[in-house]
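Trainee: Quick one, input_25.cif (mmCIF, C-alpha atoms and all ligand atoms):
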```
data_entry
#
loop_
_atom_site.label_atom_id
_atom_site.label_comp_id
_atom_site.auth_asym_id
_atom_site.auth_seq_id
_atom_site.Cartn_x
_atom_site.Cartn_y
_atom_site.Cartn_z
CA MET A 25 49.13 172.64 141.98
CA ASN A 26 46.83 172.36 144.91
CA PRO A 27 45.58 168.75 145.02
CA ASN A 28 42.40 169.86 146.77
CA LYS A 29 41.45 172.36 144.09
CA GLU A 30 39.36 169.76 142.28
CA GLN A 31 36.93 169.85 145.19
CA THR A 32 36.03 173.42 144.30
CA LEU A 33 35.22 172.47 140.71
CA LEU A 34 33.08 169.39 141.10
CA ASN A 35 31.76 167.02 143.69
CA ILE A 36 34.18 164.23 142.89
CA GLN A 37 32.74 161.72 145.34
CA LYS A 38 29.26 162.19 143.90
CA ILE A 39 30.59 161.74 140.38
CA ARG A 40 32.52 158.61 141.37
CA SER A 41 29.35 157.16 142.89
CA GLU A 42 27.75 157.38 139.42
CA PHE A 43 30.20 154.76 138.08
CA PRO A 44 29.37 151.31 139.55
CA ILE A 45 32.61 149.80 138.23
CA LEU A 46 34.60 151.95 140.65
CA ASN A 47 33.35 149.64 143.44
CA ARG A 48 35.48 146.86 141.95
CA LYS A 49 38.70 145.64 143.41
CA VAL A 50 41.48 144.48 141.10
CA ASN A 51 44.11 142.20 142.57
CA GLY A 52 42.89 143.16 146.03
CA ASN A 53 43.17 146.92 145.43
CA PRO A 54 40.49 149.50 144.64
CA LEU A 55 40.45 149.98 140.86
CA VAL A 56 42.33 153.00 139.50
CA TYR A 57 41.14 153.38 135.93
CA PHE A 58 43.67 155.31 133.84
CA ASP A 59 42.78 153.70 130.49
CA ASN A 60 40.07 156.15 129.51
CA ALA A 61 41.61 156.95 126.12
CA ALA A 62 41.10 153.32 125.10
CA SER A 63 37.51 153.19 126.36
CA SER A 64 35.67 155.07 129.08
CA GLN A 65 33.66 153.57 131.91
CA LYS A 66 29.88 154.05 131.86
CA PRO A 67 27.87 156.09 134.38
CA ARG A 68 24.61 154.75 135.84
CA ILE A 69 22.48 157.08 133.66
CA VAL A 70 23.94 155.38 130.56
CA LEU A 71 23.52 151.86 131.96
CA ASP A 72 19.91 152.68 132.92
CA ALA A 73 19.16 154.13 129.48
CA ILE A 74 20.27 150.88 127.78
CA ASP A 75 18.00 148.92 130.11
CA GLU A 76 15.09 151.30 129.59
CA TYR A 77 15.37 151.12 125.81
CA TYR A 78 15.25 147.33 125.66
CA LYS A 79 12.60 146.99 128.37
CA ASN A 80 10.18 149.56 126.99
CA HIS A 81 10.89 150.77 123.46
CA ASN A 82 12.86 148.20 121.46
CA ALA A 83 11.85 148.13 117.77
CA ASN A 84 13.34 148.91 114.39
CA VAL A 85 13.47 152.59 113.44
CA HIS A 86 12.13 154.69 110.57
CA ARG A 87 10.15 151.94 108.86
CA GLY A 88 7.44 151.12 111.35
CA ILE A 89 3.94 152.49 111.67
CA HIS A 90 3.47 150.97 115.12
CA THR A 91 3.99 152.79 118.41
CA LEU A 92 7.23 151.13 119.53
CA SER A 93 8.91 151.78 116.18
CA GLN A 94 7.84 155.39 116.28
CA GLU A 95 9.10 155.78 119.85
CA ALA A 96 12.48 154.26 118.95
CA THR A 97 12.69 156.55 115.90
CA VAL A 98 11.94 159.66 117.95
CA MET A 99 14.50 158.61 120.60
CA MET A 100 17.20 158.07 117.97
CA GLU A 101 16.47 161.34 116.17
CA ASN A 102 16.45 163.17 119.53
CA SER A 103 19.90 161.76 120.12
CA ARG A 104 21.05 163.01 116.72
CA GLU A 105 19.81 166.46 117.74
CA LYS A 106 21.77 166.25 121.02
CA ILE A 107 24.92 165.41 119.04
CA ARG A 108 24.23 168.30 116.65
CA ASN A 109 24.02 170.60 119.64
CA PHE A 110 27.12 169.02 121.29
CA ILE A 111 29.30 169.89 118.27
CA ASN A 112 27.25 172.94 117.24
CA ALA A 113 26.58 171.67 113.71
CA LYS A 114 24.20 173.81 111.68
CA GLU A 115 21.82 170.98 110.77
CA ALA A 116 21.00 167.57 112.26
CA CYS A 117 21.31 166.07 108.74
CA GLU A 118 25.06 166.79 108.95
CA VAL A 119 25.37 164.22 111.77
CA ILE A 120 25.75 160.64 110.51
CA PHE A 121 25.62 157.73 112.94
CA THR A 122 28.52 155.31 112.45
CA ARG A 123 30.14 152.49 114.44
CA GLY A 124 32.91 154.83 115.58
CA THR A 125 35.80 156.98 114.45
CA THR A 126 37.32 154.21 112.34
CA GLU A 127 34.13 153.75 110.34
CA SER A 128 33.62 157.52 110.05
CA ILE A 129 37.06 158.03 108.50
CA ASN A 130 36.61 155.04 106.19
CA LEU A 131 33.25 156.48 105.12
CA VAL A 132 34.91 159.72 104.01
CA ALA A 133 37.84 157.95 102.35
CA TYR A 134 35.70 155.50 100.36
CA SER A 135 33.01 158.05 99.50
CA MET A 136 35.67 160.46 98.20
CA GLU A 137 37.23 157.81 95.98
CA PRO A 138 35.24 158.68 92.82
CA LEU A 139 36.39 162.30 93.20
CA LEU A 140 40.11 161.44 93.38
CA LYS A 141 42.42 161.49 90.36
CA PRO A 142 46.04 160.25 90.15
CA GLU A 143 47.45 163.79 90.41
CA ASP A 144 45.53 164.48 93.65
CA GLU A 145 47.13 164.51 97.09
CA ILE A 146 46.02 163.77 100.65
CA ILE A 147 47.97 165.09 103.64
CA ILE A 148 47.94 163.42 107.05
CA THR A 149 50.50 163.55 109.87
CA GLU A 150 53.08 161.35 111.49
CA ILE A 151 51.07 161.49 114.74
CA GLU A 152 47.88 159.75 113.52
CA HIS A 153 46.11 156.67 114.84
CA HIS A 154 46.22 153.81 112.30
CA SER A 155 42.55 154.48 111.57
CA ASN A 156 43.53 157.86 110.10
CA ILE A 157 46.40 156.36 108.08
CA VAL A 158 45.34 153.03 106.61
CA PRO A 159 42.05 154.17 104.94
CA TRP A 160 44.04 156.89 103.12
CA GLN A 161 46.74 154.42 102.09
CA ILE A 162 44.06 152.13 100.65
CA VAL A 163 42.20 154.89 98.80
CA CYS A 164 45.44 156.41 97.48
CA LYS A 165 46.51 153.00 96.19
CA ARG A 166 43.17 152.53 94.42
CA THR A 167 43.12 155.98 92.81
CA GLY A 168 46.83 156.69 92.29
CA ALA A 169 46.57 159.76 94.54
CA LYS A 170 49.62 160.62 96.67
CA LEU A 171 49.73 160.42 100.49
CA LYS A 172 51.95 162.96 102.27
CA TYR A 173 52.75 163.41 105.96
CA ILE A 174 53.35 166.42 108.21
CA PRO A 175 56.39 165.23 110.22
CA LEU A 176 56.79 165.13 113.97
CA LYS A 177 59.55 167.17 115.65
CA ASP A 178 61.79 165.83 118.41
CA ASP A 179 59.64 167.62 121.01
CA CYS A 180 56.67 165.47 119.84
CA THR A 181 54.82 168.39 118.26
CA LEU A 182 53.98 168.66 114.57
CA ASP A 183 56.44 170.46 112.30
CA ILE A 184 53.68 172.75 111.12
CA GLU A 185 56.03 174.92 109.04
CA LYS A 186 56.34 171.95 106.69
CA LEU A 187 52.63 172.13 105.87
CA ASP A 188 53.25 175.12 103.57
CA GLU A 189 55.65 173.00 101.50
CA LEU A 190 53.23 170.04 101.38
CA LEU A 191 50.11 171.95 100.36
CA ASN A 192 49.47 172.76 96.71
CA GLU A 193 46.59 173.04 94.23
CA ASN A 194 46.38 169.22 94.06
CA THR A 195 45.73 168.79 97.80
CA LYS A 196 42.20 167.49 98.19
CA LEU A 197 42.09 166.81 101.92
CA VAL A 198 44.11 167.23 105.11
CA ALA A 199 43.21 164.75 107.88
CA VAL A 200 44.58 165.22 111.41
CA ASN A 201 43.69 164.35 114.97
CA GLN A 202 42.93 167.16 117.39
CA VAL A 203 44.63 165.28 120.24
CA SER A 204 47.07 162.39 119.81
CA ASN A 205 45.88 159.19 121.47
CA ALA A 206 49.47 157.94 121.88
CA LEU A 207 51.01 161.01 123.50
CA GLY A 208 48.12 163.31 124.47
CA VAL A 209 49.71 166.08 122.38
CA VAL A 210 47.26 168.77 121.23
CA ASN A 211 47.67 169.59 117.54
CA PRO A 212 47.29 173.12 116.10
CA ILE A 213 44.13 172.37 114.13
CA ASP A 214 43.19 176.06 113.76
CA VAL A 215 46.37 176.73 111.80
CA ILE A 216 45.98 173.52 109.79
CA ILE A 217 42.37 174.29 108.84
CA GLU A 218 43.22 177.85 107.83
CA LYS A 219 46.21 176.84 105.68
CA ALA A 220 44.38 173.89 104.09
CA HIS A 221 41.36 176.02 103.20
CA LYS A 222 43.60 178.68 101.63
CA ALA A 223 44.95 175.92 99.38
CA GLY A 224 41.39 174.80 98.55
CA ALA A 225 41.56 171.49 100.47
CA TRP A 226 38.94 169.97 102.77
CA VAL A 227 39.89 169.16 106.38
CA LEU A 228 38.89 166.12 108.43
CA ILE A 229 39.38 166.29 112.19
CA ASP A 230 39.74 163.02 114.12
CA ALA A 231 38.20 164.08 117.42
CA ALA A 232 38.29 160.62 119.06
CA GLN A 233 40.53 161.96 121.86
CA SER A 234 39.21 165.51 122.01
CA ALA A 235 35.43 165.09 122.00
CA PRO A 236 35.41 163.56 125.53
CA HIS A 237 37.54 166.39 126.96
CA ILE A 238 37.26 169.63 124.95
CA ALA A 239 34.18 171.60 123.87
CA ILE A 240 33.75 171.26 120.10
CA ASP A 241 32.20 173.82 117.80
CA VAL A 242 32.42 172.66 114.18
CA GLN A 243 31.13 175.97 112.83
CA LYS A 244 33.74 177.98 114.71
CA MET A 245 36.46 175.46 113.78
CA ASP A 246 35.22 175.50 110.18
CA CYS A 247 36.32 171.89 109.66
CA ASP A 248 34.69 170.02 106.76
CA PHE A 249 34.47 166.65 108.56
CA LEU A 250 34.81 165.62 112.19
CA ALA A 251 34.66 162.12 113.67
CA PHE A 252 34.42 160.67 117.18
CA SER A 253 33.59 157.42 119.01
CA GLY A 254 30.89 157.11 121.68
CA HIS A 255 32.71 154.51 123.78
CA LYS A 256 35.47 156.97 124.65
CA MET A 257 32.91 159.43 126.05
CA TYR A 258 30.72 157.35 128.41
CA ALA A 259 28.53 155.75 125.70
CA PRO A 260 28.53 152.07 124.66
CA THR A 261 30.84 150.56 122.05
CA GLY A 262 29.77 150.29 118.42
CA VAL A 263 28.54 153.87 118.05
CA GLY A 264 30.14 157.05 116.83
CA MET A 265 29.43 159.84 114.45
CA LEU A 266 30.68 161.64 111.41
CA TYR A 267 29.96 165.31 110.96
CA GLY A 268 30.24 166.69 107.44
CA LYS A 269 29.24 170.02 105.93
CA GLN A 270 25.99 169.44 104.09
CA GLU A 271 27.19 170.76 100.74
CA ILE A 272 30.26 168.50 100.90
CA LEU A 273 28.41 165.35 102.03
CA ASN A 274 26.09 165.89 99.06
CA GLN A 275 29.08 165.64 96.72
CA LEU A 276 30.18 162.26 98.10
CA ALA A 277 29.13 158.82 96.87
CA PRO A 278 27.28 156.50 99.27
CA PHE A 279 29.51 154.34 101.47
CA HIS A 280 27.35 151.24 101.96
CA GLY A 281 24.37 150.20 99.87
CA GLY A 282 21.21 148.64 101.30
CA GLY A 283 17.97 149.46 103.07
CA GLU A 284 17.34 152.92 104.59
CA MET A 285 19.75 154.72 102.24
CA ILE A 286 17.59 154.56 99.08
CA LYS A 287 14.65 156.49 97.64
CA GLU A 288 13.86 153.99 94.88
CA VAL A 289 15.43 150.75 93.73
CA TRP A 290 15.04 149.55 90.15
CA MET A 291 16.57 146.50 88.49
CA ASP A 292 19.27 148.59 86.82
CA HIS A 293 19.80 151.52 89.23
CA SER A 294 18.80 153.12 92.52
CA THR A 295 18.26 156.65 93.74
CA TYR A 296 19.51 157.67 97.16
CA GLU A 297 17.88 159.15 100.24
CA ARG A 298 18.55 162.66 101.49
CA LEU A 299 21.15 163.30 104.23
CA PRO A 300 21.92 161.80 106.67
CA PHE A 301 20.13 158.58 105.61
CA LYS A 302 22.12 158.28 102.35
CA PHE A 303 25.07 157.26 104.56
CA GLU A 304 23.16 155.06 107.04
CA ALA A 305 22.49 151.79 105.21
CA GLY A 306 20.87 148.91 107.09
CA THR A 307 19.49 148.61 110.61
CA PRO A 308 21.61 150.84 112.83
CA ASN A 309 22.86 150.20 116.36
CA ILE A 310 19.63 151.75 117.65
CA GLU A 311 20.24 151.32 121.38
CA ALA A 312 23.77 152.73 121.23
CA ASN A 313 22.75 155.57 118.92
CA ILE A 314 20.09 156.57 121.46
CA VAL A 315 22.38 156.17 124.45
CA LEU A 316 25.10 158.33 122.90
CA GLY A 317 22.61 161.14 123.49
CA THR A 318 22.32 160.06 127.13
CA ALA A 319 26.12 160.17 127.45
CA ILE A 320 25.99 163.74 126.16
CA ASP A 321 23.32 164.50 128.80
CA PHE A 322 25.80 163.19 131.40
CA ILE A 323 28.55 165.48 130.09
CA ASP A 324 26.16 168.44 129.98
CA SER A 325 25.01 167.77 133.54
CA ILE A 326 28.58 168.47 134.73
CA GLY A 327 29.64 170.89 132.01
CA MET A 328 32.42 170.29 129.49
CA ASP A 329 34.43 173.23 130.80
CA VAL A 330 34.36 171.82 134.34
CA ILE A 331 35.32 168.35 133.06
CA HIS A 332 38.16 169.82 131.00
CA GLN A 333 39.50 171.89 133.88
CA HIS A 334 39.43 168.92 136.27
CA GLU A 335 41.11 166.52 133.83
CA HIS A 336 43.70 169.17 132.98
CA GLU A 337 44.64 169.50 136.65
CA ILE A 338 44.93 165.73 137.06
CA LEU A 339 47.07 165.53 133.91
CA GLU A 340 49.39 168.37 134.94
CA TYR A 341 49.81 166.86 138.40
CA THR A 342 50.70 163.50 136.82
CA ARG A 343 53.19 165.09 134.41
CA LYS A 344 54.84 166.99 137.27
CA ARG A 345 55.09 163.90 139.51
CA LEU A 346 56.46 161.72 136.68
CA LEU A 347 59.06 164.33 135.75
CA GLU A 348 60.34 164.26 139.35
CA LEU A 349 61.54 160.68 138.71
CA ASP A 350 64.99 160.53 137.05
CA GLU A 351 64.30 157.09 135.55
CA VAL A 352 61.17 158.23 133.70
CA ILE A 353 61.00 159.65 130.17
CA VAL A 354 57.81 161.63 129.49
CA TYR A 355 57.03 162.04 125.78
CA GLY A 356 55.98 165.55 124.81
CA LYS A 357 57.07 166.68 128.26
CA ASP A 358 56.94 170.38 127.31
CA ALA A 359 54.06 170.12 124.82
CA GLU A 360 50.43 171.08 125.38
CA LEU A 361 48.78 167.83 126.46
CA SER A 362 45.17 166.81 126.90
CA GLY A 363 43.65 163.70 128.43
CA ALA A 364 46.76 161.51 128.52
CA VAL A 365 50.43 161.35 129.38
CA SER A 366 52.79 158.78 127.86
CA PHE A 367 56.03 157.62 129.42
CA ASN A 368 58.66 154.91 129.67
CA LEU A 369 61.23 153.80 132.21
CA ASN A 370 64.69 154.69 130.99
CA LEU A 371 66.11 151.36 132.14
CA PRO A 372 67.84 148.84 129.83
CA GLY A 373 65.67 145.97 128.57
CA VAL A 374 62.47 147.19 130.22
CA HIS A 375 59.35 146.90 128.05
CA PRO A 376 56.29 149.07 128.76
CA SER A 377 54.22 145.93 129.36
CA ASP A 378 56.56 145.03 132.28
CA VAL A 379 55.49 148.28 133.93
CA GLY A 380 51.84 147.72 132.95
CA MET A 381 51.85 144.32 134.68
CA ILE A 382 53.25 145.72 137.91
CA LEU A 383 50.70 148.54 137.86
CA ASP A 384 47.90 146.00 137.29
CA LYS A 385 49.02 144.07 140.36
CA LYS A 386 48.37 147.31 142.25
CA GLY A 387 44.90 147.66 140.68
CA ILE A 388 45.96 150.41 138.27
CA ALA A 389 44.76 150.08 134.66
CA VAL A 390 46.96 151.81 132.06
CA ARG A 391 47.58 151.12 128.39
CA THR A 392 50.94 149.80 127.21
CA GLY A 393 52.19 149.18 123.68
CA HIS A 394 52.12 151.09 120.40
CA HIS A 395 48.58 152.45 120.86
CA CYS A 396 47.77 151.82 117.15
CA THR A 397 50.39 154.44 116.24
CA GLN A 398 53.38 152.47 114.98
CA PRO A 399 54.83 155.38 112.93
CA ILE A 400 55.07 157.48 116.13
CA MET A 401 56.75 154.66 118.03
CA ARG A 402 59.27 154.26 115.19
CA ARG A 403 59.88 158.03 115.23
CA LEU A 404 60.53 157.89 119.01
CA GLY A 405 62.70 154.79 118.58
CA VAL A 406 60.64 152.74 121.05
CA LYS A 407 58.45 149.64 120.83
CA GLY A 408 55.73 151.24 122.89
CA THR A 409 54.95 153.46 125.85
CA VAL A 410 52.97 153.37 129.08
CA ARG A 411 49.96 155.68 128.75
CA ALA A 412 47.88 157.00 131.64
CA SER A 413 44.69 158.64 130.40
CA PHE A 414 42.18 160.52 132.47
CA THR A 415 38.50 161.19 132.94
CA VAL A 416 36.16 163.19 135.11
CA PHE A 417 36.26 160.78 138.07
CA ASN A 418 40.05 160.53 138.50
CA THR A 419 41.69 162.06 141.57
CA THR A 420 45.14 163.23 142.63
CA GLU A 421 45.13 160.43 145.23
CA GLU A 422 44.91 157.98 142.34
CA VAL A 423 47.84 159.72 140.67
CA ASP A 424 49.82 159.31 143.92
CA ARG A 425 49.06 155.57 143.79
CA LEU A 426 50.29 155.51 140.18
CA ILE A 427 53.53 157.25 141.15
CA ASP A 428 54.10 154.82 144.05
CA ALA A 429 53.58 151.89 141.65
CA VAL A 430 55.95 153.45 139.07
CA LYS A 431 58.56 153.82 141.83
CA LEU A 432 58.02 150.15 142.70
CA SER A 433 58.48 149.26 139.00
CA ILE A 434 61.78 151.17 138.96
CA ARG A 435 62.97 149.24 142.03
CA MET A 436 61.83 145.86 140.64
CA LEU A 437 63.00 146.31 137.04
CA GLY A 438 66.09 148.47 137.58
C1 LIG B 1 42.88 159.39 117.84
C2 LIG B 1 42.07 158.16 117.55
N1 LIG B 1 41.54 158.00 116.34
C3 LIG B 1 40.80 156.93 116.02
C4 LIG B 1 40.56 155.93 116.93
C5 LIG B 1 39.72 154.77 116.55
O1 LIG B 1 38.56 154.76 117.30
P1 LIG B 1 37.56 153.50 117.26
O2 LIG B 1 38.40 152.29 117.54
O3 LIG B 1 36.59 153.80 118.34
O4 LIG B 1 36.95 153.49 115.90
C6 LIG B 1 41.10 156.04 118.20
C7 LIG B 1 40.92 154.95 119.20
O5 LIG B 1 41.72 154.78 120.08
C8 LIG B 1 41.86 157.18 118.52
O6 LIG B 1 42.39 157.33 119.74
#
```
For this file, write the structure as structure tokens.
Mentor:
Amino acid sequence: MNPNKEQTLLNIQKIRSEFPILNRKVNGNPLVYFDNAASSQKPRIVLDAIDEYYKNHNANVHRGIHTLSQEATVMMENSREKIRNFINAKEACEVIFTRGTTESINLVAYSMEPLLKPEDEIIITEIEHHSNIVPWQIVCKRTGAKLKYIPLKDDCTLDIEKLDELLNENTKLVAVNQVSNALGVVNPIDVIIEKAHKAGAWVLIDAAQSAPHIAIDVQKMDCDFLAFSGHKMYAPTGVGMLYGKQEILNQLAPFHGGGEMIKEVWMDHSTYERLPFKFEAGTPNIEANIVLGTAIDFIDSIGMDVIHQHEHEILEYTRKRLLELDEVIVYGKDAELSGAVSFNLNLPGVHPSDVGMILDKKGIAVRTGHHCTQPIMRRLGVKGTVRASFTVFNTTEEVDRLIDAVKLSIRMLG
């Protein structure tokens, strides 16, 4: 790869100047932020939008007759429309504001509970984040439904052939991530959606690691649910969204009860609001819901295809440089990867956190540990990995610094 190619795609220095945190030094070195899969840094436009909201518009939404409340309501509903457009949902009422991917998946799991019978089955995969495992374990335990897993092959890709054996007329839902947070592996969601639909099952896509990097079109995908978190795509923490097909969301029970989600409340019963409000009980995270729209404006100002292409080049350069080192194991080394690459030093007694600490001394932020994916770690026979994950502002020079620090780790720990 030509390390200068990125210059032809985007003005990297201009983009870097949008992120004030990149002026920071860590342990005397300019910060290299390769922990974007855990949480992204925030561009100035997002920081300014938070400030602007609280300085000029702050009020509760939907209920107020006064000007500030109406302004805040319009801003939040404009943001919902931006999200609708971002994922190409048919209707804005199919976009539900949540606290993030975890809450979105829990919403579906708990709201499906009344529909589940003991003979029903849910299929997930061995490559899920805990937030796409535990809610299904809990709901299956409460209903008697069975939880089944698509296994992972030795090359770190899903054994998709096994899906045919797992699916049957009792399968109610298949839930899978589009991109693995632990390994960066891209899963064949097109095939999964097609097979699941043939069997009559709904499909939930965990897009926490794809939404920041890959253009999403829920109508083209034909998924029934899709979830992502704002904080992984330039927005603040505590905001995310759940997309659901309108006709399916209408079949689900409310998740939380309270204000906003009701039409009428009587002493002995209540009636519920139309979508999306039926699933948005209580005062929402108004500022973050609004600013998620600003984060989408930031993405749109560069273009998702340009972002994807740039990050892909950084990732492929990292994979190539890591594979040049004999002491490094790269997980999913031949798989299609997006956004992240996961590795370990093949040296006795070395824990990923040992490497993470040496990298931190050099100002390089990576994630080490099990990445909330303990079943994958068990499958790989490791306690954890070192994960470098990328964003629009990363450069090949930063990757070179990572490789130098990995070489230093090999010398120090070997
Ligand atoms: C694939 C995947 N799913 C779900 C989550 C949970 O996201 P959140 O903690 O923002 O709810 C994450 C977070 O790392 C993730 O990477």
Trainee: So, with only C-alpha atoms as the atoms that count, which of A:Thr122, A:Thr409, A:Thr149, A:Asn130 lies closest to Pro300 in chain A?
Mentor: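 Nearest to Pro300 in chain A: A:Thr122.
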Trainee: Between A:Ser41, A:Ser377, A:Ser93, A:Ser234, which has the minimum distance to ligand LIG 1 (chain B) (counting only C-alpha atoms and all ligand atoms)?
Mentor: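 Smallest distance to ligand LIG 1 (chain B) is found for A:Ser234.
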Trainee: Please return as a ChimeraX atom specification the residues found within 6 Å of ligand LIG 1 (chain B), counting all atoms listed in the file.
Mentor: /A:62,124-126,153,155,201,204-205,230,232-233,253
Trainee: Work out how far CA of Glu95 in chain A is from CA of Leu273 in chain A, in Å to one decimal.
Mentor: 28.0 Å
Trainee: List the spatial neighbours of range 258-260 of chain A as a PyMOL selection string - criterion: any atom at most 8 Å away, all atoms listed in the file, same-chain residues fewer than 5 positions off excluded.
Mentor: chain A and resi 64-67+70+312+315-316+318-319
Trainee: Can you work out which one of A:Thr397, A:Gln94, A:Thr307, A:Ser135 has the shortest atom-to-atom distance to Ile151 in chain A, counting all atoms listed in the file?
Mentor: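 That would be A:Thr397, the residue with the smallest distance to Ile151 in chain A.
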